[in-house]
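Asker: I'd like to ask some things about the structure below.
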Amino acid sequence: MDTRIVSRQCTLCEAHCGIRVTVEGDRVVRIEGNPDDVLSEGYICPKATAMGALHHDPDRLRTPVRRVGDRFEPIGWDEAFREIGQRLRRIRAEHGPSAIGMYLGNPAAHSSSVLYGVLLRVALATRNFFSASSIDQFPQEFAAWRMFGSNVLMPVADIDRTDRLVILGANPAVSNGSVTTMPNAKQRIKRVRERGGTVVVIDPRRTETARLADQHIAVVPGGDVYLLLAVLNVLIDEKLCDERAVGARCSGWDELRETVAQCTPEVAAPHAGVDAETIRGFARDHAAARSAVLYARIGVCQQVTGTLTHWLVNTINAVTGNLDRAGGQMFATAPVDAARYGKYLPMGHGAWTDRSGRYKSFRSELPVAALADEILTEGRGQIRAMVTYAGNPVLSTPQRGRLDAALESLDFFVAVDMYVTETTRHADIILPPVSQLEREDVNLLFPVFSVRNNLRYDARVFEPPADGLEDWEIMARLVTEVVPLPARRLTGRMLNAMFERLSPVRLAALGIAAGPYGVLRRGRTGLTITKLRASAGGIDLGPLRPRLRTLIGTRDRKVRLAPQDFRAEVAKLLADLPATPPAGADGFDLRLIGRRHLRSNNSWLHNVPAMVKGRDRCTVLMHPADAGARGLADGEPVTVTSSSGSIVVTLEVGDDIRPGTVAIPHGWGHREPGVGWRVAASLPGANVNLLHDPALVDPLSGTAAVNNTWVKVSTTA
């Protein structure tokens, strides 16, 4: 039997680690790290080995299916697209374009087909567009927009050259970075210490990353914003800031000093859960380092103070002279330089709202917290049809369980997905793309947020079946079906023929040729798609370099240190601040945070036996003192209750978490009737998002606050 090896990337998380896939006949027999990969250098995590099982999974849909009663039956592609077009066009004609909603899930960003997902959103012309961004990264984008003039300018941590790495609300030893793509993060963190640097982790839990650090600061959930306000207070009060750099490159210095003046370490300490001297020591150490970077991610994004916290992260880096310099926060120079043009994208904050008037649009979409109500609330503007692409919002968003009923109530629902999931089980038609290993791709998004400039290529491992379609081909056909066309039978064929010649790889080739490294700028030495395909593990384009001056999009071309809306939110936060933080009410006496496992990635991998075998991973982690006070024992089922709902999970007792805090991972709870992934449906665990109040959001960005939820834990009767 013929054996061959194909080099590409694992596309299951942002790291996109390089892999070598060994194939015998039509079977994947081994997946290992690619030592030639310019970014991951041979490293892979267990998730990468799951790509073969995903490809071969018998539960994965291979053909379109249509709901018939309580089951799904196969349907041809042409018939499926024809029915979808007819029904969506009818709904739009009767109720207007915003009667069709669209949800774009996280996996869409892991391939260049996201370009066609955005094109479909434009073709639909709906205001009711939602994405996973408003559950995991809007605060970072919002802070970047207000400070730098572009949401694309989310700076990354130059981890490979820093002398002091501070990680806040992130666990890159497991995630390998997010909005700072850093494959083999464990080794990169170890190298900081090996070259004489310092690593600090700020997190309520002693995470896998914290175990690699010199110092772990166990902040109280929700206390991050108070900690950083006090750090900034010390930096300013003790004149530890680089005022020359601040004066030359930033605006709002006087307003910033006024904003943080009252938040001394003594005021902040009880609310941060960190003593005042630790705060002072942290600020002094940060200012004294030759280079330092503060990196924060999803743990602080998913709080009511998410935007404020990311603003403070960027501000501390800026005032200590660590913004846009080696070893600090920097901006990548991607082969298709989205950062350069991001400032021209209209953010449209508040250009429209949901029907309640509470949730404002940002970068032309509404926060997903509004989705269930926009479907269930009758009247003008009600969502009557949905298109979901590569997402499972029933499990991944807080809707108090109402999204199930909302999706079931729709007049029509089409899903682009490989499985019948907790979300897509409500669809009228499901359109499955071919597997990841059957796609050729060049991802252009993650190089924008990578710790080193690079470009890598995804080769096909298998040729797609003759009747299979890639994600982009499905989205392109949907565009043809929903866009108004005269003489549709003829013009539709013409439009489809045009799209067939505009694959994402061809578009990428044009973008690369015209980009900063491309042949149109550098001549024969420039980068081309041909050279990329011939590379063993991508092309290394060098370390990050200072470039904010050419990217910034503010009117005066200076970093805004004190946007007025941020100052107003800080004033509300500090107004009448009690000496001690209030405890939970009505018996809710524990703060719930999230948790991440190396073998789990949202709900994607729970149908792969190798990823879910062994012990139950959907547990509630609790400190021994808290378990003892409640008479609870390790391994017993317990009920976790909030003001929004309750779930039953297994108790895991351990001292890696701060007393008064519990942690539960998300993405579980697959035992709904009608799901089509049988392994996942047999697993223990529950949907933690049933505990979170969808009305609790960051007031600036609208991001759902699913960290720091008050709960109680009791014995399950």
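Identifiers in the structure tokens: chain A, B, ... in order shown; residue index from 1 per chain; ligand index from 1 in order shown.
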What's the 12 Å shell around A:Val114, counting only C-alpha atoms, without same-chain residues fewer than 2 positions away, as a short mmCIF file (atom, residue, chain, number, x, y, z; two decimals) with N, CA, C and O atoms, in the first residue's frame?
Answerer:
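Written out: part_11.cif:
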```cif
data_model
loop_
_atom_site.label_atom_id
_atom_site.label_comp_id
_atom_site.auth_asym_id
_atom_site.auth_seq_id
_atom_site.Cartn_x
_atom_site.Cartn_y
_atom_site.Cartn_z
N LEU A 104 -21.94 33.82 12.79
CA LEU A 104 -20.65 33.33 12.30
C LEU A 104 -19.85 32.80 13.48
O LEU A 104 -19.53 33.55 14.40
N GLY A 105 -19.56 31.51 13.47
CA GLY A 105 -18.88 30.88 14.60
C GLY A 105 -17.37 31.00 14.54
O GLY A 105 -16.78 31.30 13.49
N ASN A 106 -16.74 30.69 15.64
CA ASN A 106 -15.28 30.77 15.77
C ASN A 106 -14.53 29.96 14.71
O ASN A 106 -13.53 30.42 14.16
N PRO A 107 -14.95 28.72 14.37
CA PRO A 107 -14.19 27.94 13.40
C PRO A 107 -14.06 28.60 12.03
O PRO A 107 -13.13 28.28 11.28
N ALA A 108 -14.97 29.50 11.69
CA ALA A 108 -14.90 30.16 10.38
C ALA A 108 -13.60 30.92 10.20
O ALA A 108 -13.06 31.01 9.10
N ALA A 109 -13.07 31.47 11.30
CA ALA A 109 -11.84 32.26 11.22
C ALA A 109 -10.61 31.39 10.98
O ALA A 109 -9.54 31.91 10.69
N HIS A 110 -10.76 30.08 11.09
CA HIS A 110 -9.61 29.20 10.94
C HIS A 110 -9.37 28.79 9.50
O HIS A 110 -8.53 27.94 9.22
N SER A 111 -10.09 29.39 8.58
CA SER A 111 -9.82 29.19 7.16
C SER A 111 -10.14 30.50 6.44
O SER A 111 -10.87 31.36 6.95
N SER A 112 -9.59 30.65 5.25
CA SER A 112 -9.82 31.89 4.50
C SER A 112 -11.24 31.97 3.94
O SER A 112 -11.62 32.99 3.39
N TYR A 116 -15.72 34.67 2.41
CA TYR A 116 -17.02 34.45 1.78
C TYR A 116 -18.15 34.49 2.81
O TYR A 116 -19.30 34.81 2.47
N GLY A 117 -17.83 34.19 4.06
CA GLY A 117 -18.82 34.36 5.11
C GLY A 117 -19.18 35.83 5.27
O GLY A 117 -20.36 36.18 5.42
N VAL A 118 -18.17 36.69 5.22
CA VAL A 118 -18.42 38.13 5.30
C VAL A 118 -19.18 38.61 4.06
O VAL A 118 -20.08 39.45 4.16
N LEU A 119 -18.85 38.05 2.90
CA LEU A 119 -19.56 38.43 1.68
C LEU A 119 -21.04 38.05 1.77
O LEU A 119 -21.91 38.82 1.33
N LEU A 120 -21.34 36.89 2.35
CA LEU A 120 -22.73 36.50 2.53
C LEU A 120 -23.43 37.46 3.47
O LEU A 120 -24.58 37.84 3.23
N ARG A 121 -22.75 37.87 4.51
CA ARG A 121 -23.35 38.85 5.43
C ARG A 121 -23.71 40.14 4.70
O ARG A 121 -24.76 40.72 4.90
N SER A 131 -21.71 37.18 15.86
CA SER A 131 -20.57 36.28 15.72
C SER A 131 -20.03 35.92 17.09
O SER A 131 -20.40 36.52 18.11
N TYR A 389 -23.06 29.60 10.47
CA TYR A 389 -21.88 29.06 9.81
C TYR A 389 -20.84 28.70 10.86
O TYR A 389 -20.30 29.55 11.53
N ALA A 390 -20.61 27.39 11.01
CA ALA A 390 -19.52 26.87 11.85
C ALA A 390 -19.60 27.37 13.29
O ALA A 390 -18.61 27.80 13.85
N ASP A 441 -5.47 25.74 1.56
CA ASP A 441 -5.77 27.04 2.14
C ASP A 441 -4.49 27.80 2.47
O ASP A 441 -3.41 27.20 2.63
N VAL A 442 -4.63 29.11 2.57
CA VAL A 442 -3.61 30.00 3.11
C VAL A 442 -4.32 30.92 4.08
O VAL A 442 -5.11 31.77 3.66
N ASN A 443 -4.11 30.73 5.37
CA ASN A 443 -4.79 31.56 6.35
C ASN A 443 -4.10 32.92 6.43
O ASN A 443 -2.88 33.01 6.66
N LEU A 444 -4.87 33.98 6.24
CA LEU A 444 -4.32 35.33 6.23
C LEU A 444 -4.64 36.11 7.50
O LEU A 444 -4.12 37.21 7.69
N LEU A 445 -5.47 35.53 8.38
CA LEU A 445 -5.87 36.25 9.59
C LEU A 445 -4.84 36.12 10.70
O LEU A 445 -4.40 37.12 11.28
N GLU A 470 -16.21 22.78 -0.55
CA GLU A 470 -15.51 23.45 0.54
C GLU A 470 -16.40 24.53 1.12
O GLU A 470 -17.39 24.96 0.50
N ASP A 471 -16.01 25.02 2.31
CA ASP A 471 -16.79 26.06 2.98
C ASP A 471 -17.05 27.25 2.05
O ASP A 471 -18.18 27.74 1.94
N TRP A 472 -15.98 27.74 1.40
CA TRP A 472 -16.12 28.94 0.59
C TRP A 472 -17.06 28.70 -0.58
O TRP A 472 -17.80 29.63 -0.99
N GLU A 473 -17.05 27.50 -1.14
CA GLU A 473 -17.94 27.21 -2.25
C GLU A 473 -19.40 27.23 -1.80
O GLU A 473 -20.29 27.70 -2.52
N ILE A 474 -19.65 26.72 -0.60
CA ILE A 474 -21.02 26.75 -0.05
C ILE A 474 -21.46 28.19 0.18
O ILE A 474 -22.57 28.59 -0.20
N MET A 475 -20.59 28.99 0.79
CA MET A 475 -20.95 30.38 1.06
C MET A 475 -21.17 31.15 -0.23
O MET A 475 -22.08 31.98 -0.32
N ALA A 476 -20.33 30.88 -1.24
CA ALA A 476 -20.49 31.57 -2.52
C ALA A 476 -21.83 31.23 -3.17
O ALA A 476 -22.51 32.11 -3.72
N SER A 503 -11.34 31.51 -5.92
CA SER A 503 -11.16 30.75 -4.69
C SER A 503 -10.35 31.59 -3.70
O SER A 503 -9.59 32.48 -4.10
N PRO A 504 -10.49 31.33 -2.40
CA PRO A 504 -9.69 32.06 -1.41
C PRO A 504 -8.19 31.97 -1.66
O PRO A 504 -7.46 32.93 -1.39
#
```
Asker: Contacts between stretch 560-583 of chain A and stretch 100-183 of chain A, please, where a residue of stretch 100-183 of chain A counts if it comes within 7 Å (with only C-alpha atoms); show its shortest atom pair and distance in Å to one decimal, rows by chain and ascending number, as a Markdown table.
Answerer:
```
| residue | atom | partner | partner_atom | distance |
| --- | --- | --- | --- | --- |
| A:Arg146 | CA | A:Pro563 | CA | 6.7 |
| A:Met147 | CA | A:Arg560 | CA | 4.6 |
| A:Phe148 | CA | A:Arg560 | CA | 6.8 |
```
Asker: Taking 6 positions as the minimum chain separation for residues in the same chain, which residues sit within 6 Å of A:Ala513 when counting only C-alpha atoms? Answer as a list in words.
Answerer: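 Surrounding residues, per the criterion: Val519, Leu520 and Thr528 of chain A.
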Asker: Using the selection just defined, write its residues with all heavy atoms as a PDB file, in the first residue's frame.
Answerer:
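Final output, saved to again-v6.pdb:
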```pdb
ATOM      1  N   VAL A 519       5.826  40.250  -4.774  1.00  0.00           N
ATOM      2  CA  VAL A 519       6.599  40.517  -5.989  1.00  0.00           C
ATOM      3  C   VAL A 519       6.288  41.891  -6.576  1.00  0.00           C
ATOM      4  O   VAL A 519       7.136  42.476  -7.250  1.00  0.00           O
ATOM      5  CB  VAL A 519       6.351  39.422  -7.049  1.00  0.00           C
ATOM      6  CG1 VAL A 519       6.939  38.105  -6.608  1.00  0.00           C
ATOM      7  CG2 VAL A 519       4.861  39.280  -7.364  1.00  0.00           C
ATOM      8  N   LEU A 520       5.111  42.413  -6.342  1.00  0.00           N
ATOM      9  CA  LEU A 520       4.783  43.722  -6.887  1.00  0.00           C
ATOM     10  C   LEU A 520       5.552  44.832  -6.187  1.00  0.00           C
ATOM     11  O   LEU A 520       5.686  45.934  -6.728  1.00  0.00           O
ATOM     12  CB  LEU A 520       3.274  43.983  -6.787  1.00  0.00           C
ATOM     13  CG  LEU A 520       2.383  43.035  -7.597  1.00  0.00           C
ATOM     14  CD1 LEU A 520       0.919  43.437  -7.461  1.00  0.00           C
ATOM     15  CD2 LEU A 520       2.793  43.021  -9.055  1.00  0.00           C
ATOM     16  N   THR A 528       5.709  34.843  -3.385  1.00  0.00           N
ATOM     17  CA  THR A 528       4.628  34.407  -4.265  1.00  0.00           C
ATOM     18  C   THR A 528       3.987  33.153  -3.683  1.00  0.00           C
ATOM     19  O   THR A 528       4.579  32.464  -2.850  1.00  0.00           O
ATOM     20  CB  THR A 528       5.136  34.079  -5.684  1.00  0.00           C
ATOM     21  OG1 THR A 528       5.981  32.916  -5.606  1.00  0.00           O
ATOM     22  CG2 THR A 528       5.902  35.240  -6.277  1.00  0.00           C
TER      23      THR A 528
END
```
Asker: Determine, using only C-alpha atoms, which residues of stretch 388-439 of chain A have any atom at most 12 Å from an atom of stretch 635-652 of chain A, and tabulate each with its shortest atom pair and distance in Å to one decimal place, rows ordered by chain and then rising number, as CSV.
Answerer:
```
residue,atom,partner,partner_atom,distance
A:Pro398,CA,A:Ser644,CA,9.7
A:Gln399,CA,A:Ser644,CA,9.4
A:Arg400,CA,A:Ser644,CA,6.4
A:Gly401,CA,A:Gly645,CA,8.9
A:Arg402,CA,A:Ser644,CA,11.4
```
Asker: Select from stretch 109-276 of chain A everything DSSP, run on the backbone, classes as strand (DSSP E), then give the selection as a PyMOL selection string.
Answerer: chain A and resi 129-131+156-157+164-168+198-202+215-217+250-251
Asker: Could you state the separation of atom CA of A:Gly614 and atom CA of A:Asn171 in Å, given to one decimal place?
Answerer: 22.5 Å
